[in-house]
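**Student:** My structure is stored as upload-v2.cif, with mmCIF, N, CA and C atoms.
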data_start
loop_
_atom_site.label_atom_id
_atom_site.label_comp_id
_atom_site.auth_asym_id
_atom_site.auth_seq_id
_atom_site.Cartn_x
_atom_site.Cartn_y
_atom_site.Cartn_z
N MET A 1 94.08 124.29 106.69
CA MET A 1 94.96 123.82 105.64
C MET A 1 96.31 123.42 106.22
N ALA A 2 96.98 122.57 105.51
CA ALA A 2 98.33 122.14 105.85
C ALA A 2 99.21 122.35 104.62
N TYR A 3 100.50 122.51 104.85
CA TYR A 3 101.43 122.81 103.76
C TYR A 3 102.68 121.96 103.90
N SER A 4 103.24 121.57 102.76
CA SER A 4 104.52 120.86 102.76
C SER A 4 105.48 121.58 101.82
N MET A 5 106.75 121.52 102.18
CA MET A 5 107.80 122.08 101.34
C MET A 5 108.87 121.00 101.20
N ILE A 6 109.22 120.70 99.96
CA ILE A 6 110.25 119.68 99.68
C ILE A 6 111.34 120.32 98.84
N SER A 7 112.57 120.13 99.27
CA SER A 7 113.72 120.58 98.50
C SER A 7 114.49 119.34 98.07
N HIS A 8 114.77 119.23 96.78
CA HIS A 8 115.57 118.11 96.27
C HIS A 8 116.14 118.46 94.90
N LYS A 9 117.08 117.64 94.47
CA LYS A 9 117.67 117.79 93.14
C LYS A 9 117.17 116.67 92.25
N VAL A 10 117.06 116.98 90.96
CA VAL A 10 116.64 115.99 89.97
C VAL A 10 117.70 115.92 88.87
N ALA A 11 117.73 114.80 88.19
CA ALA A 11 118.70 114.62 87.11
C ALA A 11 118.31 115.44 85.88
N ASN A 12 117.00 115.54 85.62
CA ASN A 12 116.53 116.23 84.42
C ASN A 12 115.14 116.82 84.71
N TYR A 13 115.03 118.14 84.67
CA TYR A 13 113.78 118.80 85.03
C TYR A 13 112.62 118.38 84.13
N ALA A 14 112.84 118.30 82.81
CA ALA A 14 111.77 117.97 81.88
C ALA A 14 111.19 116.58 82.20
N LYS A 15 112.05 115.62 82.49
CA LYS A 15 111.58 114.27 82.85
C LYS A 15 110.82 114.32 84.17
N TRP A 16 111.36 115.03 85.16
CA TRP A 16 110.70 115.16 86.45
C TRP A 16 109.29 115.75 86.27
N LYS A 17 109.18 116.78 85.47
CA LYS A 17 107.90 117.46 85.26
C LYS A 17 106.87 116.51 84.63
N ARG A 18 107.31 115.70 83.66
CA ARG A 18 106.39 114.73 83.04
C ARG A 18 105.84 113.76 84.08
N VAL A 19 106.72 113.25 84.93
CA VAL A 19 106.27 112.29 85.95
C VAL A 19 105.35 112.98 86.95
N VAL A 20 105.68 114.19 87.36
CA VAL A 20 104.84 114.93 88.30
C VAL A 20 103.44 115.12 87.73
N LYS A 21 103.36 115.50 86.47
CA LYS A 21 102.05 115.70 85.85
C LYS A 21 101.27 114.39 85.77
N SER A 22 101.96 113.29 85.49
CA SER A 22 101.26 112.01 85.41
C SER A 22 100.80 111.51 86.78
N PHE A 23 101.37 112.05 87.83
CA PHE A 23 101.07 111.66 89.21
C PHE A 23 100.01 112.58 89.84
N ALA A 24 99.51 113.54 89.09
CA ALA A 24 98.59 114.56 89.62
C ALA A 24 97.31 113.96 90.19
N LYS A 25 96.75 112.96 89.53
CA LYS A 25 95.49 112.36 90.00
C LYS A 25 95.67 111.74 91.39
N PHE A 26 96.76 111.02 91.57
CA PHE A 26 97.02 110.40 92.88
C PHE A 26 97.23 111.47 93.95
N ARG A 27 97.94 112.55 93.60
CA ARG A 27 98.16 113.64 94.57
C ARG A 27 96.82 114.25 94.98
N LYS A 28 95.97 114.51 94.01
CA LYS A 28 94.67 115.12 94.30
C LYS A 28 93.81 114.18 95.16
N GLU A 29 93.80 112.89 94.81
CA GLU A 29 93.04 111.91 95.60
C GLU A 29 93.58 111.80 97.03
N SER A 30 94.84 112.15 97.22
CA SER A 30 95.47 112.10 98.54
C SER A 30 95.23 113.35 99.36
N GLY A 31 94.56 114.35 98.77
CA GLY A 31 94.21 115.56 99.51
C GLY A 31 94.98 116.80 99.12
N GLU A 32 95.80 116.73 98.09
CA GLU A 32 96.54 117.92 97.67
C GLU A 32 95.61 118.91 96.98
N LYS A 33 95.75 120.18 97.34
CA LYS A 33 94.93 121.25 96.76
C LYS A 33 95.70 122.09 95.75
N CYS A 34 96.96 122.35 96.01
CA CYS A 34 97.78 123.18 95.13
C CYS A 34 99.20 122.61 95.09
N PHE A 35 99.88 122.81 93.97
CA PHE A 35 101.24 122.29 93.79
C PHE A 35 102.05 123.36 93.05
N TYR A 36 103.15 123.78 93.64
CA TYR A 36 104.01 124.78 93.02
C TYR A 36 105.44 124.26 93.00
N VAL A 37 106.19 124.66 92.00
CA VAL A 37 107.61 124.31 91.96
C VAL A 37 108.40 125.56 91.63
N CYS A 38 109.52 125.73 92.33
CA CYS A 38 110.47 126.80 92.06
C CYS A 38 111.80 126.15 91.69
N ARG A 39 112.47 126.73 90.70
CA ARG A 39 113.76 126.21 90.27
C ARG A 39 114.85 127.19 90.71
N CYS A 40 115.93 126.66 91.24
CA CYS A 40 117.04 127.48 91.71
C CYS A 40 117.68 128.21 90.53
N ALA A 41 118.00 129.48 90.72
CA ALA A 41 118.61 130.29 89.66
C ALA A 41 119.98 129.76 89.26
N LYS A 42 120.74 129.25 90.22
CA LYS A 42 122.10 128.77 89.94
C LYS A 42 122.11 127.32 89.44
N ASP A 43 121.09 126.55 89.80
CA ASP A 43 121.01 125.14 89.40
C ASP A 43 119.55 124.81 89.13
N PRO A 44 119.10 124.88 87.87
CA PRO A 44 117.68 124.67 87.56
C PRO A 44 117.17 123.26 87.84
N ASN A 45 118.05 122.33 88.20
CA ASN A 45 117.61 121.00 88.60
C ASN A 45 117.51 120.85 90.12
N HIS A 46 117.74 121.95 90.84
CA HIS A 46 117.52 121.99 92.29
C HIS A 46 116.15 122.64 92.48
N LEU A 47 115.21 121.88 93.04
CA LEU A 47 113.82 122.32 93.09
C LEU A 47 113.32 122.52 94.51
N LEU A 48 112.38 123.44 94.63
CA LEU A 48 111.63 123.65 95.86
C LEU A 48 110.17 123.43 95.50
N VAL A 49 109.56 122.41 96.09
CA VAL A 49 108.17 122.06 95.80
C VAL A 49 107.31 122.44 97.00
N TRP A 50 106.28 123.21 96.77
CA TRP A 50 105.39 123.70 97.82
C TRP A 50 103.98 123.20 97.51
N SER A 51 103.34 122.53 98.47
CA SER A 51 101.99 122.01 98.26
C SER A 51 101.07 122.40 99.40
N GLU A 52 99.81 122.60 99.05
CA GLU A 52 98.76 122.87 100.03
C GLU A 52 97.88 121.64 100.10
N TRP A 53 97.49 121.25 101.31
CA TRP A 53 96.72 120.03 101.55
C TRP A 53 95.46 120.33 102.34
N ASP A 54 94.45 119.49 102.17
CA ASP A 54 93.21 119.72 102.92
C ASP A 54 93.33 119.32 104.38
N HIS A 55 94.18 118.32 104.70
CA HIS A 55 94.36 117.88 106.09
C HIS A 55 95.81 117.45 106.32
N ALA A 56 96.33 117.78 107.48
CA ALA A 56 97.71 117.42 107.82
C ALA A 56 97.91 115.91 107.84
N ALA A 57 96.94 115.17 108.34
CA ALA A 57 97.08 113.71 108.43
C ALA A 57 97.20 113.09 107.04
N LYS A 58 96.40 113.56 106.09
CA LYS A 58 96.48 113.06 104.72
C LYS A 58 97.82 113.41 104.08
N MET A 59 98.29 114.63 104.35
CA MET A 59 99.57 115.08 103.82
C MET A 59 100.69 114.17 104.29
N LYS A 60 100.73 113.91 105.58
CA LYS A 60 101.80 113.08 106.14
C LYS A 60 101.70 111.64 105.64
N LYS A 61 100.50 111.12 105.49
CA LYS A 61 100.32 109.77 104.95
C LYS A 61 100.86 109.71 103.52
N PHE A 62 100.55 110.71 102.72
CA PHE A 62 101.04 110.78 101.34
C PHE A 62 102.57 110.82 101.31
N MET A 63 103.16 111.65 102.16
CA MET A 63 104.62 111.80 102.17
C MET A 63 105.34 110.50 102.54
N LYS A 64 104.66 109.63 103.27
CA LYS A 64 105.26 108.35 103.66
C LYS A 64 104.90 107.21 102.71
N SER A 65 104.13 107.52 101.68
CA SER A 65 103.60 106.47 100.83
C SER A 65 104.64 105.84 99.90
N ARG A 66 104.42 104.58 99.65
CA ARG A 66 105.24 103.82 98.70
C ARG A 66 105.10 104.42 97.30
N GLU A 67 103.89 104.88 96.96
CA GLU A 67 103.63 105.46 95.64
C GLU A 67 104.47 106.71 95.40
N LEU A 68 104.61 107.55 96.44
CA LEU A 68 105.43 108.75 96.28
C LEU A 68 106.90 108.37 96.09
N ARG A 69 107.38 107.43 96.88
CA ARG A 69 108.79 107.01 96.74
C ARG A 69 109.06 106.49 95.33
N LYS A 70 108.14 105.70 94.80
CA LYS A 70 108.31 105.18 93.44
C LYS A 70 108.28 106.31 92.41
N ALA A 71 107.34 107.23 92.55
CA ALA A 71 107.24 108.35 91.60
C ALA A 71 108.51 109.20 91.64
N MET A 72 109.05 109.44 92.83
CA MET A 72 110.27 110.25 92.92
C MET A 72 111.44 109.53 92.25
N LYS A 73 111.51 108.22 92.43
CA LYS A 73 112.57 107.45 91.77
C LYS A 73 112.39 107.52 90.25
N ASP A 74 111.16 107.30 89.78
CA ASP A 74 110.87 107.34 88.35
C ASP A 74 111.15 108.73 87.75
N ALA A 75 110.95 109.77 88.55
CA ALA A 75 111.15 111.15 88.09
C ALA A 75 112.61 111.56 88.06
N GLY A 76 113.48 110.75 88.66
CA GLY A 76 114.90 111.07 88.63
C GLY A 76 115.37 111.96 89.77
N VAL A 77 114.71 111.88 90.92
CA VAL A 77 115.19 112.61 92.09
C VAL A 77 116.51 111.99 92.52
N ILE A 78 117.56 112.83 92.62
CA ILE A 78 118.91 112.30 92.87
C ILE A 78 119.47 112.69 94.24
N SER A 79 118.73 113.46 95.01
CA SER A 79 119.19 113.81 96.36
C SER A 79 118.13 113.39 97.36
N LYS A 80 118.54 113.27 98.61
CA LYS A 80 117.56 112.96 99.65
C LYS A 80 116.65 114.18 99.82
N PRO A 81 115.35 113.98 99.69
CA PRO A 81 114.43 115.11 99.85
C PRO A 81 114.45 115.66 101.28
N GLU A 82 114.46 116.97 101.39
CA GLU A 82 114.31 117.64 102.68
C GLU A 82 112.86 118.08 102.76
N ILE A 83 112.10 117.51 103.68
CA ILE A 83 110.67 117.77 103.78
C ILE A 83 110.37 118.54 105.05
N SER A 84 109.60 119.62 104.90
CA SER A 84 109.15 120.41 106.04
C SER A 84 107.63 120.52 105.98
N TYR A 85 107.01 120.56 107.16
CA TYR A 85 105.55 120.67 107.25
C TYR A 85 105.19 121.99 107.94
N PHE A 86 104.09 122.59 107.48
CA PHE A 86 103.63 123.86 108.03
C PHE A 86 102.14 123.78 108.28
N SER A 87 101.68 124.48 109.33
CA SER A 87 100.27 124.42 109.70
C SER A 87 99.49 125.66 109.29
N GLY A 88 100.16 126.68 108.82
CA GLY A 88 99.43 127.88 108.44
C GLY A 88 100.26 128.78 107.56
N MET A 89 99.58 129.73 106.93
CA MET A 89 100.25 130.68 106.09
C MET A 89 99.51 132.01 106.20
N GLU A 90 100.25 133.09 106.26
CA GLU A 90 99.66 134.42 106.27
C GLU A 90 100.10 135.16 105.03
N VAL A 91 99.20 135.88 104.42
CA VAL A 91 99.54 136.74 103.29
C VAL A 91 99.82 138.12 103.88
N LEU A 92 101.04 138.58 103.71
CA LEU A 92 101.44 139.89 104.25
C LEU A 92 101.76 140.89 103.16
N SER A 93 101.29 140.61 101.96
CA SER A 93 101.49 141.55 100.85
C SER A 93 100.74 142.84 101.13
N VAL A 94 101.25 143.91 100.60
CA VAL A 94 100.59 145.21 100.77
C VAL A 94 99.51 145.36 99.75
#
Once more with this new file: its structure as C-alpha cells, please.

**Tutor:**
Amino acid sequence: MAYSMISHKVANYAKWKRVVKSFAKFRKESGEKCFYVCRCAKDPNHLLVWSEWDHAAKMKKFMKSRELRKAMKDAGVISKPEISYFSGMEVLSV
C-alpha cells in the first residue's frame, strides 16, 4: 500500500466536502482505497487529508493530474497544498 497526506486550507468546508464527494468515483478509479479528513481545532477550514492507495505509481499520477487540480480549485482550496508520500504504516495501538 501507499499513502498520501495533504495539508491545505479551504474557503468553506461544506463546499469542499460536496466537491470531494462528487469526485469520489474518479479517486477510486485512480486507485484510492480510503480517504480521511481531519479538521484543525483552531481553524476548521485547515484540513489534513489522508488517503490509502493500491499502488504508489497510481497515487503519484493522480496527485499530478489535471483533474485533481481542477477539483481542488472548484472545491475552494485557498492555500498551496503540502503533499507528503508514505510507503508504509504500522499500527502500534495496544

**Student:** So what does the PyMOL selection byres ((chain A and resi 79-93) around 5) actually pick up in this one, as a ChimeraX atom specification?

**Tutor:** /A:1-9,77-78,94

**Student:** Which residues in region 28-63 of chain A does DSSP call helix (DSSP H, G or I)? List them as a ChimeraX atom specification.

**Tutor:** /A:28-29,56-63

**Student:** May I have all residues of chain A that DSSP, computed from the backbone, assigns to strand (DSSP E or B), given as number ranges by chain?

**Tutor:** A: 2-10, 32-39, 46-53, 77, 82-86

**Student:** For the selection just defined, write its residues with N, CA and C atoms to a file, as a compact mmCIF listing (two decimals), in the frame of the given file.

**Tutor:**
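Output file again-v7.txt follows:
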# COMPACT_ATOMS: atom_id res chain seq x y z
N ALA A 2 96.98 122.57 105.51
CA ALA A 2 98.33 122.14 105.85
C ALA A 2 99.21 122.35 104.62
N TYR A 3 100.50 122.51 104.85
CA TYR A 3 101.43 122.81 103.76
C TYR A 3 102.68 121.96 103.90
N SER A 4 103.24 121.57 102.76
CA SER A 4 104.52 120.86 102.76
C SER A 4 105.48 121.58 101.82
N MET A 5 106.75 121.52 102.18
CA MET A 5 107.80 122.08 101.34
C MET A 5 108.87 121.00 101.20
N ILE A 6 109.22 120.70 99.96
CA ILE A 6 110.25 119.68 99.68
C ILE A 6 111.34 120.32 98.84
N SER A 7 112.57 120.13 99.27
CA SER A 7 113.72 120.58 98.50
C SER A 7 114.49 119.34 98.07
N HIS A 8 114.77 119.23 96.78
CA HIS A 8 115.57 118.11 96.27
C HIS A 8 116.14 118.46 94.90
N LYS A 9 117.08 117.64 94.47
CA LYS A 9 117.67 117.79 93.14
C LYS A 9 117.17 116.67 92.25
N VAL A 10 117.06 116.98 90.96
CA VAL A 10 116.64 115.99 89.97
C VAL A 10 117.70 115.92 88.87
N GLU A 32 95.80 116.73 98.09
CA GLU A 32 96.54 117.92 97.67
C GLU A 32 95.61 118.91 96.98
N LYS A 33 95.75 120.18 97.34
CA LYS A 33 94.93 121.25 96.76
C LYS A 33 95.70 122.09 95.75
N CYS A 34 96.96 122.35 96.01
CA CYS A 34 97.78 123.18 95.13
C CYS A 34 99.20 122.61 95.09
N PHE A 35 99.88 122.81 93.97
CA PHE A 35 101.24 122.29 93.79
C PHE A 35 102.05 123.36 93.05
N TYR A 36 103.15 123.78 93.64
CA TYR A 36 104.01 124.78 93.02
C TYR A 36 105.44 124.26 93.00
N VAL A 37 106.19 124.66 92.00
CA VAL A 37 107.61 124.31 91.96
C VAL A 37 108.40 125.56 91.63
N CYS A 38 109.52 125.73 92.33
CA CYS A 38 110.47 126.80 92.06
C CYS A 38 111.80 126.15 91.69
N ARG A 39 112.47 126.73 90.70
CA ARG A 39 113.76 126.21 90.27
C ARG A 39 114.85 127.19 90.71
N HIS A 46 117.74 121.95 90.84
CA HIS A 46 117.52 121.99 92.29
C HIS A 46 116.15 122.64 92.48
N LEU A 47 115.21 121.88 93.04
CA LEU A 47 113.82 122.32 93.09
C LEU A 47 113.32 122.52 94.51
N LEU A 48 112.38 123.44 94.63
CA LEU A 48 111.63 123.65 95.86
C LEU A 48 110.17 123.43 95.50
N VAL A 49 109.56 122.41 96.09
CA VAL A 49 108.17 122.06 95.80
C VAL A 49 107.31 122.44 97.00
N TRP A 50 106.28 123.21 96.77
CA TRP A 50 105.39 123.70 97.82
C TRP A 50 103.98 123.20 97.51
N SER A 51 103.34 122.53 98.47
CA SER A 51 101.99 122.01 98.26
C SER A 51 101.07 122.40 99.40
N GLU A 52 99.81 122.60 99.05
CA GLU A 52 98.76 122.87 100.03
C GLU A 52 97.88 121.64 100.10
N TRP A 53 97.49 121.25 101.31
CA TRP A 53 96.72 120.03 101.55
C TRP A 53 95.46 120.33 102.34
N VAL A 77 114.71 111.88 90.92
CA VAL A 77 115.19 112.61 92.09
C VAL A 77 116.51 111.99 92.52
N GLU A 82 114.46 116.97 101.39
CA GLU A 82 114.31 117.64 102.68
C GLU A 82 112.86 118.08 102.76
N ILE A 83 112.10 117.51 103.68
CA ILE A 83 110.67 117.77 103.78
C ILE A 83 110.37 118.54 105.05
N SER A 84 109.60 119.62 104.90
CA SER A 84 109.15 120.41 106.04
C SER A 84 107.63 120.52 105.98
N TYR A 85 107.01 120.56 107.16
CA TYR A 85 105.55 120.67 107.25
C TYR A 85 105.19 121.99 107.94
N PHE A 86 104.09 122.59 107.48
CA PHE A 86 103.63 123.86 108.03
C PHE A 86 102.14 123.78 108.28

**Student:** Output the residue selection produced by the PyMOL selection byres (((chain A and resi 54-60 and name CA) around 6) and name CA) on the file above, formatted as a list of chain:residue names.

**Tutor:**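 This file gives the following for the PyMOL selection byres (((chain A and resi 54-60 and name CA) around 6) and name CA): A:Met1, A:Ala2, A:Gly31, A:Trp53, A:Lys61, A:Phe62, A:Met63.
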
**Student:** Can you work out the spacing between CA of Leu47 (chain A) and CA of Val10 (chain A) in Å, to one decimal?

**Tutor:**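 Answer for the CA of Leu47 (chain A) to CA of Val10 (chain A) separation: 7.6 Å.
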
**Student:** Given the PyMOL selection byres ((chain A and resi 34) around 6) and the file above, list the residues it selects as number ranges by chain.

**Tutor:** A: 32-33, 35-36, 50-53

**Student:** Using only N, CA and C atoms - which residues lie no farther than 8 Å from the point (101.1, 107.8, 91.5) in the file's frame? Write them as a compact mmCIF listing (two decimals) with N, CA and C atoms, in the coordinates of the input.

**Tutor:**
# COMPACT_ATOMS: atom_id res chain seq x y z
N SER A 22 101.96 113.29 85.49
CA SER A 22 101.26 112.01 85.41
C SER A 22 100.80 111.51 86.78
N PHE A 23 101.37 112.05 87.83
CA PHE A 23 101.07 111.66 89.21
C PHE A 23 100.01 112.58 89.84
N ALA A 24 99.51 113.54 89.09
CA ALA A 24 98.59 114.56 89.62
C ALA A 24 97.31 113.96 90.19
N LYS A 25 96.75 112.96 89.53
CA LYS A 25 95.49 112.36 90.00
C LYS A 25 95.67 111.74 91.39
N PHE A 26 96.76 111.02 91.57
CA PHE A 26 97.02 110.40 92.88
C PHE A 26 97.23 111.47 93.95
N ARG A 27 97.94 112.55 93.60
CA ARG A 27 98.16 113.64 94.57
C ARG A 27 96.82 114.25 94.98
N ARG A 66 104.42 104.58 99.65
CA ARG A 66 105.24 103.82 98.70
C ARG A 66 105.10 104.42 97.30
N GLU A 67 103.89 104.88 96.96
CA GLU A 67 103.63 105.46 95.64
C GLU A 67 104.47 106.71 95.40
N LEU A 68 104.61 107.55 96.44
CA LEU A 68 105.43 108.75 96.28
C LEU A 68 106.90 108.37 96.09
N LYS A 70 108.14 105.70 94.80
CA LYS A 70 108.31 105.18 93.44
C LYS A 70 108.28 106.31 92.41
N ALA A 71 107.34 107.23 92.55
CA ALA A 71 107.24 108.35 91.60
C ALA A 71 108.51 109.20 91.64

**Student:** Rounded to one decimal in Å, what is the spacing between atom C of Ser30 (chain A) and atom N of Val49 (chain A)?

**Tutor:**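 So the two atoms, atom C of Ser30 (chain A) and atom N of Val49 (chain A), lie 17.3 Å apart.
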
**Student:** Separation of CA of Glu29 (chain A) and atom N of Asn45 (chain A), in Å?

**Tutor:** 28.1 Å
